[in-house]
Amino acid sequence: MGLSLNKSTKHLAPPPRLTISDWADEYCFLPDNNAEPGRWRTSRAPYQKGIMDAICDRRIQKITIMTSAQVGKTSMLNNAIGYYIHQCPKSIIIMHPTLKDAKDWSTFKLAPMVANTPVLKDKVAKPRARDKTNTTLRKEYPGGYLMILGSNSTSELRGRSAPIILCDEVDAYEITSEGDPINLLWKRANTFRDKKLVLTSTPTVKDISRIDQSWEASDKRRYMVPCPHCKKNQWLKWANVKWDKDANGKHLSETAYYACEHCNQKIHHKHKAKMIAQGVWEPECAFTGPRSAKASQGKHAGFHLNELISPWRSWQEVVEDFLEKKAQNDLQVFFNAAMGEPWEELGEKVDGNNIYLRREYYGPDLPEQAVVLTAGVDVQDDRLECEIVAWGPGEESWSMDYVILRGDPSQELLWSKLTSVLSRTFKHPAGNMLPIAGTAIDTGGHYTQEVYRYCRQHPYKTFAIKGSSTQGGPLVSRPSKRNLGKVNLFAINTVTAKDTFYSRLNLAVPGSGYCHFPIKEIYNVEYFHQLTVEKRVLRYKQGRPFHTYVKPSGERNEVLDCRVYALAALYIVNPNMAPLDRKTKKKHMVPSSKGYVGDTNIKL
């Protein structure tokens with residue numbers, strides 16, 4: 001965009017600063033593969049204006065866009081990128097769920113828009129094999145560059161920074177070994193005063209949906225439209241969509257209408273265009289800080305949209321989609337993708353408060369029924385957590401102690417502390433001093449090599465484990481040495497293990513499978529909250545149902561992990577669970593029928 005001549009002063013003056021929606025209306029052209037090719041028109045979907053202009057608002061640092069499909073989200077992001085390439089040159093990093101998604105977006109969404117928008121075509125050249133500055137995943141232009149990533153390719157971030165961070169479909173991101181990809185990306189903007197973070201996605205499941213968590217932390221803006229009858233504003237909700245049935249109970253989707261929440265009169269699809277043209281964004285949580293641009297830096301704007309507001313979807317089509325998903329018993333897809341709302345799982349969950357209230361007085365010595373001890377260790381970045389569990393016939397269990405060892409897992413000192421804990425013995429009423437027969441240590445964190453090394457140093461009492469989610473598999477699979485540590489690595493089926501453990505927590509009468517917990521300071525409310533924080537839910541992959549366990553975002557579950565690992569250690573040790581005889585006063589553990597137990601008789 002060139003300089004304009006100010007006739008009154010006869011001097012060259014800079015062009016007026018445009019907003020993103022102004023820029024789109026002035027310069028953007030949609031490619032032929034778009035539903036409405038040609039010049040961009042914000043007036044076609046007026047709700048897009050408020051979202052796009054928030055992205056370039058200097059008072060706003062973070063923007064959350066939780067939407068359904070069919071509302072033009074991709075086009076809004078493309079316009080923001082076009083604006084920061086042409087009107088206000090800045091470097092941009094955009095992340096998609098996978099590297100394939102990133103390449104597809106660059107090829108089928110970004111490239112056609114650039115090719116059809118003259119002011120962008122002149123600045124961004126076509127990718128060339130020998131041109132490392134302009135590839136499918138990297139675009140350079142005067143004043144900056146555009147870097148395109150998948151959340152599974154965060155290693156490409158090293159040495160890169162940008163003030164504009166765009167994260168698309170964040171609910172499909174996975175936590176990698178390097179950490180949360182959004183946090184990693186946002187750190188790349190730390191040095192910029194004008195940094196901006198934009199998160200977009202259709203939501204998934206309540207409590208674990210990234211976009212829903214971010215939306216709840218925002219000012220929560222809704223697009224309010226006036227009723228054509230009573231003129232009162234409201235945002236369009238699925239609960240107010242109605243339709244008729246015939247005498248045989250057949251759904252008549254063609255009769256779909258919207259019932260005004262104020263006057264209850266019918267609002268038909270033909271009214272929608274005028275309604276959205278008169279709509280306004282209103283926040284549920286008003287910003288109360290200073291009004292100057294500098295003072296209010298950091299404001300978090302959140303936007304929510306569903307298909308009912310979309311000019312590209314009739315209410316009849318939305319109803320038909322609902323009826324189809326209901327018939328397929330797949331309403332989660334409808335509420336996520338059409339309503340832009342997180343799905344609230346009813347999943348199976350154990351009440352931790354009830355378990356806390358039935359704690360017992362026992363210890364530090366072992367109960368008479370206990371015959372073997374195992375431990376489970378969870379490795380965190382700044383500590384090790386360990387639970388010691390006693391087991392009796394029928395796998396009745398007694399939690400004996402829970403230990404948190406603070407320190408750096410990369411240092412030998414912390415592992416020496418663990419050795420001291422695992423060297424403890426417990427007195428049995430029969431007179432025996434029982435050691436911990438086996439300990440399972442998770443290798444899935446950031447300190448895999450340290451766990452391998454420790455297990456090599458203690459080969460008969462410690463077992464390296466990794467989680468597996470194979471449906472219907474055994475709780476513990478046979479070990480494999482196909483790993484960098486060349487140690488016996490056991491795969492633990494976490495779904496089977498948690499199914500087993502949670503079903504036992506619900507037992508009300510002591511005996512086989514029953515779980516005992518002591519009245520002890522470490523076994524407090526927080527312990528039982530972590531122990532029961534996860535719930536069992538049904539998921540679908542490629543159309544096939546499977547069960548898994550989920551926990552609310554941000555919650556801790558180290559206690560549950562340690563308990564599951566202790567159970568896994570029991571299955572690896574596989575002891576003879578016959579009761580100890582008070583008269584024999586044996587000095588060692590009861591021998592195992594498979595030779596996995598004892599001080600020197602482990603065969604792995």
# chains A, B, ... in the order shown; residues from 1 in each chain; ligands from 1
$ residues_around --residues "segment 413-417 of chain A" --least-positions-apart "5" --cutoff "12 Å" --atoms "only C-alpha atoms" --output "JSON, numbers by chain"
{"A": [377, 379, 380, 381, 382, 383, 384, 385, 386, 403, 404, 405, 406, 407, 408, 422, 423, 424, 441, 447, 450, 451, 452, 453, 454, 455, 457, 458]}
$ residues_around --residues "Pro97 of chain A" --least-positions-apart "2" --cutoff "10 Å" --atoms "only C-alpha atoms" --output "ChimeraX atom specification"
/A:95,99-102,149-153,167-174,181
$ closest_residue --among "A:Asp212, A:Asp104, A:Glu344, A:Asp499" --to "Leu475 of chain A" --atoms "only C-alpha atoms"
A:Asp499
$ atom_distance --atom1 "atom CA of Val119 of chain A" --atom2 "atom CA of Thr107 of chain A"
18.8 Å
$ residues_around --residues "Ile355 of chain A" --least-positions-apart "3" --cutoff "10 Å" --atoms "only C-alpha atoms" --output "PyMOL selection string"
chain A and resi 350-352+358-359+505-506+508+515-517+525+528-529+531-532
$ write_last_selection --atoms "all heavy atoms" --output "short mmCIF file (atom, residue, chain, number, x, y, z; two decimals), in the first residue's frame"
data_model
loop_
_atom_site.label_atom_id
_atom_site.label_comp_id
_atom_site.auth_asym_id
_atom_site.auth_seq_id
_atom_site.Cartn_x
_atom_site.Cartn_y
_atom_site.Cartn_z
N VAL A 350 -15.16 -42.60 40.74
CA VAL A 350 -15.22 -43.00 42.14
C VAL A 350 -15.24 -41.74 43.01
O VAL A 350 -14.55 -40.77 42.71
CB VAL A 350 -14.02 -43.89 42.51
CG1 VAL A 350 -14.05 -44.28 43.97
CG2 VAL A 350 -14.01 -45.14 41.62
N ASP A 351 -16.02 -41.77 44.08
CA ASP A 351 -16.10 -40.64 45.00
C ASP A 351 -14.97 -40.74 46.02
O ASP A 351 -15.00 -41.58 46.92
CB ASP A 351 -17.47 -40.63 45.69
CG ASP A 351 -17.69 -39.37 46.53
OD1 ASP A 351 -16.70 -38.65 46.81
OD2 ASP A 351 -18.84 -39.10 46.90
N GLY A 352 -13.98 -39.85 45.91
CA GLY A 352 -12.84 -39.87 46.81
C GLY A 352 -13.21 -39.55 48.25
O GLY A 352 -12.56 -40.03 49.19
N ARG A 358 -13.56 -43.68 55.19
CA ARG A 358 -13.45 -45.04 55.73
C ARG A 358 -12.00 -45.46 56.01
O ARG A 358 -11.67 -46.64 56.04
CB ARG A 358 -14.16 -46.05 54.82
CG ARG A 358 -13.59 -46.22 53.42
CD ARG A 358 -14.24 -47.45 52.79
NE ARG A 358 -13.91 -47.69 51.41
CZ ARG A 358 -12.76 -48.24 50.99
NH1 ARG A 358 -11.81 -48.52 51.85
NH2 ARG A 358 -12.56 -48.46 49.71
N ARG A 359 -11.14 -44.47 56.22
CA ARG A 359 -9.76 -44.80 56.64
C ARG A 359 -9.77 -45.54 57.98
O ARG A 359 -10.71 -45.41 58.76
CB ARG A 359 -8.93 -43.52 56.75
CG ARG A 359 -8.70 -42.79 55.42
CD ARG A 359 -7.90 -41.51 55.66
NE ARG A 359 -8.60 -40.64 56.61
CZ ARG A 359 -8.01 -39.67 57.29
NH1 ARG A 359 -6.71 -39.45 57.16
NH2 ARG A 359 -8.72 -38.91 58.12
N LEU A 505 -11.95 -50.13 44.59
CA LEU A 505 -12.22 -49.01 45.50
C LEU A 505 -13.70 -48.97 45.89
O LEU A 505 -14.05 -48.46 46.96
CB LEU A 505 -11.85 -47.68 44.84
CG LEU A 505 -10.38 -47.25 44.88
CD1 LEU A 505 -10.24 -45.86 44.28
CD2 LEU A 505 -9.83 -47.26 46.31
N ASN A 506 -14.55 -49.47 45.02
CA ASN A 506 -15.99 -49.44 45.30
C ASN A 506 -16.45 -50.58 46.22
O ASN A 506 -17.62 -50.61 46.62
CB ASN A 506 -16.79 -49.49 44.00
CG ASN A 506 -16.78 -48.16 43.28
OD1 ASN A 506 -16.89 -47.11 43.91
ND2 ASN A 506 -16.64 -48.19 41.96
N ALA A 508 -17.24 -52.56 49.46
CA ALA A 508 -17.63 -52.03 50.78
C ALA A 508 -17.22 -52.92 51.93
O ALA A 508 -17.20 -52.47 53.08
CB ALA A 508 -19.15 -51.81 50.80
N CYS A 515 -9.48 -52.40 49.40
CA CYS A 515 -8.35 -51.48 49.58
C CYS A 515 -8.46 -50.78 50.93
O CYS A 515 -9.43 -50.05 51.17
CB CYS A 515 -8.33 -50.45 48.46
SG CYS A 515 -8.21 -51.14 46.80
N HIS A 516 -7.47 -50.99 51.80
CA HIS A 516 -7.42 -50.35 53.11
C HIS A 516 -6.50 -49.12 53.05
O HIS A 516 -5.44 -49.18 52.40
CB HIS A 516 -6.88 -51.31 54.16
CG HIS A 516 -7.69 -52.57 54.33
ND1 HIS A 516 -8.64 -52.72 55.32
CD2 HIS A 516 -7.68 -53.74 53.63
CE1 HIS A 516 -9.16 -53.93 55.24
NE2 HIS A 516 -8.60 -54.57 54.22
N PHE A 517 -6.88 -48.07 53.76
CA PHE A 517 -6.05 -46.87 53.83
C PHE A 517 -5.93 -46.45 55.30
O PHE A 517 -6.91 -46.51 56.05
CB PHE A 517 -6.65 -45.74 53.01
CG PHE A 517 -6.75 -46.05 51.55
CD1 PHE A 517 -7.94 -46.56 51.02
CD2 PHE A 517 -5.67 -45.86 50.71
CE1 PHE A 517 -8.04 -46.86 49.67
CE2 PHE A 517 -5.76 -46.16 49.36
CZ PHE A 517 -6.95 -46.67 48.83
N VAL A 525 -7.05 -35.37 52.33
CA VAL A 525 -8.09 -35.14 51.31
C VAL A 525 -7.46 -35.03 49.92
O VAL A 525 -7.98 -35.55 48.94
CB VAL A 525 -8.90 -33.88 51.65
CG1 VAL A 525 -9.84 -33.52 50.49
CG2 VAL A 525 -9.70 -34.09 52.93
N PHE A 528 -6.72 -38.43 48.34
CA PHE A 528 -7.89 -39.15 47.80
C PHE A 528 -8.49 -38.42 46.60
O PHE A 528 -9.11 -39.05 45.74
CB PHE A 528 -8.91 -39.39 48.90
CG PHE A 528 -8.45 -40.39 49.91
CD1 PHE A 528 -7.87 -39.99 51.10
CD2 PHE A 528 -8.54 -41.74 49.64
CE1 PHE A 528 -7.40 -40.91 52.02
CE2 PHE A 528 -8.08 -42.69 50.56
CZ PHE A 528 -7.50 -42.27 51.74
N HIS A 529 -8.28 -37.11 46.53
CA HIS A 529 -8.71 -36.39 45.33
C HIS A 529 -7.89 -36.85 44.13
O HIS A 529 -8.45 -37.15 43.06
CB HIS A 529 -8.55 -34.88 45.53
CG HIS A 529 -8.84 -34.08 44.29
ND1 HIS A 529 -10.13 -33.92 43.80
CD2 HIS A 529 -8.02 -33.42 43.42
CE1 HIS A 529 -10.09 -33.20 42.70
NE2 HIS A 529 -8.82 -32.88 42.44
N LEU A 531 -6.29 -39.63 43.87
CA LEU A 531 -6.52 -41.06 43.67
C LEU A 531 -7.74 -41.31 42.79
O LEU A 531 -7.79 -42.29 42.04
CB LEU A 531 -6.69 -41.76 45.02
CG LEU A 531 -6.69 -43.29 45.03
CD1 LEU A 531 -5.30 -43.82 44.71
CD2 LEU A 531 -7.17 -43.82 46.38
N THR A 532 -8.73 -40.44 42.88
CA THR A 532 -10.00 -40.65 42.18
C THR A 532 -10.30 -39.58 41.14
O THR A 532 -11.44 -39.41 40.73
CB THR A 532 -11.16 -40.71 43.20
OG1 THR A 532 -11.19 -39.48 43.94
CG2 THR A 532 -10.99 -41.87 44.17
#
$ closest_residue --among "A:Glu534, A:Glu216, A:Glu526, A:Asp32" --to "Lys498 of chain A" --atoms "only C-alpha atoms"
A:Glu534
$ select_by_dssp --residues "segment 427-494 of chain A" --states "strand (DSSP E or B)" --output "PDB file with C-alpha atoms, in the first residue's frame"
ATOM      1  CA  LYS A 427       7.424 -56.218  60.694  1.00  0.00           C
ATOM      2  CA  MET A 433      10.636 -58.601  58.595  1.00  0.00           C
ATOM      3  CA  LEU A 434       9.303 -58.268  55.067  1.00  0.00           C
ATOM      4  CA  PRO A 435      11.187 -56.210  52.443  1.00  0.00           C
ATOM      5  CA  ILE A 436       9.645 -54.543  49.419  1.00  0.00           C
ATOM      6  CA  ALA A 437       9.622 -57.368  46.867  1.00  0.00           C
ATOM      7  CA  GLY A 438       9.397 -55.284  43.735  1.00  0.00           C
ATOM      8  CA  THR A 439       9.063 -51.672  42.579  1.00  0.00           C
ATOM      9  CA  ALA A 440       7.657 -50.450  39.247  1.00  0.00           C
ATOM     10  CA  ILE A 441       9.066 -47.133  37.977  1.00  0.00           C
ATOM     11  CA  ASP A 442       7.515 -45.233  35.077  1.00  0.00           C
ATOM     12  CA  THR A 462      13.035 -52.602  40.318  1.00  0.00           C
ATOM     13  CA  PHE A 463      11.130 -52.831  37.055  1.00  0.00           C
ATOM     14  CA  ALA A 464      11.052 -50.262  34.256  1.00  0.00           C
ATOM     15  CA  ILE A 465       7.502 -49.823  32.955  1.00  0.00           C
ATOM     16  CA  LYS A 466       5.716 -47.859  30.260  1.00  0.00           C
ATOM     17  CA  GLY A 467       2.013 -47.226  29.732  1.00  0.00           C
ATOM     18  CA  SER A 468      -0.049 -48.922  27.043  1.00  0.00           C
ATOM     19  CA  VAL A 476       1.223 -56.469  32.412  1.00  0.00           C
ATOM     20  CA  SER A 480      11.144 -56.545  26.173  1.00  0.00           C
ATOM     21  CA  LEU A 489      10.774 -52.986  29.996  1.00  0.00           C
ATOM     22  CA  PHE A 490       7.230 -54.008  30.955  1.00  0.00           C
ATOM     23  CA  ALA A 491       4.194 -52.588  29.142  1.00  0.00           C
ATOM     24  CA  ILE A 492       1.393 -51.753  31.571  1.00  0.00           C
ATOM     25  CA  ASN A 493      -2.147 -51.652  30.196  1.00  0.00           C
TER      26      ASN A 493
END
$ closest_residue --among "A:Ala247, A:Gln70, A:Trp235, A:Ile63" --to "Val198 of chain A" --atoms "only C-alpha atoms"
A:Ile63
$ select_by_dssp --residues "segment 95-149 of chain A" --states "helix (DSSP H, G or I)" --output "list in words"
Leu99, Lys100, Asp101, Ala102, Lys103, Asp104, Trp105, Ser106, Thr107, Phe108, Lys109, Leu110, Ala111, Pro112, Met113, Val114, Ala115, Asn116, Pro118, Val119, Leu120 and Lys121 of chain A
$ residues_around --residues "Gln530 of chain A" --least-positions-apart "6" --cutoff "8 Å" --atoms "only C-alpha atoms" --output "PDB file with C-alpha atoms, in the first residue's frame"
ATOM      1  CA  GLU A 555      -5.371 -31.597  37.875  1.00  0.00           C
ATOM      2  CA  ARG A 556      -2.681 -33.815  39.388  1.00  0.00           C
ATOM      3  CA  ASN A 557      -2.860 -37.618  39.405  1.00  0.00           C
ATOM      4  CA  GLU A 558       0.540 -38.789  40.679  1.00  0.00           C
ATOM      5  CA  VAL A 559      -1.150 -40.638  43.552  1.00  0.00           C
ATOM      6  CA  LEU A 560      -3.237 -42.717  41.155  1.00  0.00           C
TER       7      LEU A 560
END
$ residues_around --residues "Arg188 of chain A" --least-positions-apart "5" --cutoff "7 Å" --atoms "only C-alpha atoms" --output "VMD selection string"
chain A and resid 160 to 162
$ residues_around --residues "segment 252-254 of chain A" --least-positions-apart "5" --cutoff "9 Å" --atoms "only C-alpha atoms" --output "VMD selection string"
chain A and resid 243 to 246 315 to 320 323
$ residues_around --residues "Asn233 of chain A" --least-positions-apart "5" --cutoff "12 Å" --atoms "only C-alpha atoms" --output "ChimeraX atom specification"
/A:222-228,260-263,275-276,278-282
$ atom_distance --atom1 "atom CA of Ile51 of chain A" --atom2 "atom CA of His304 of chain A"
9.8 Å
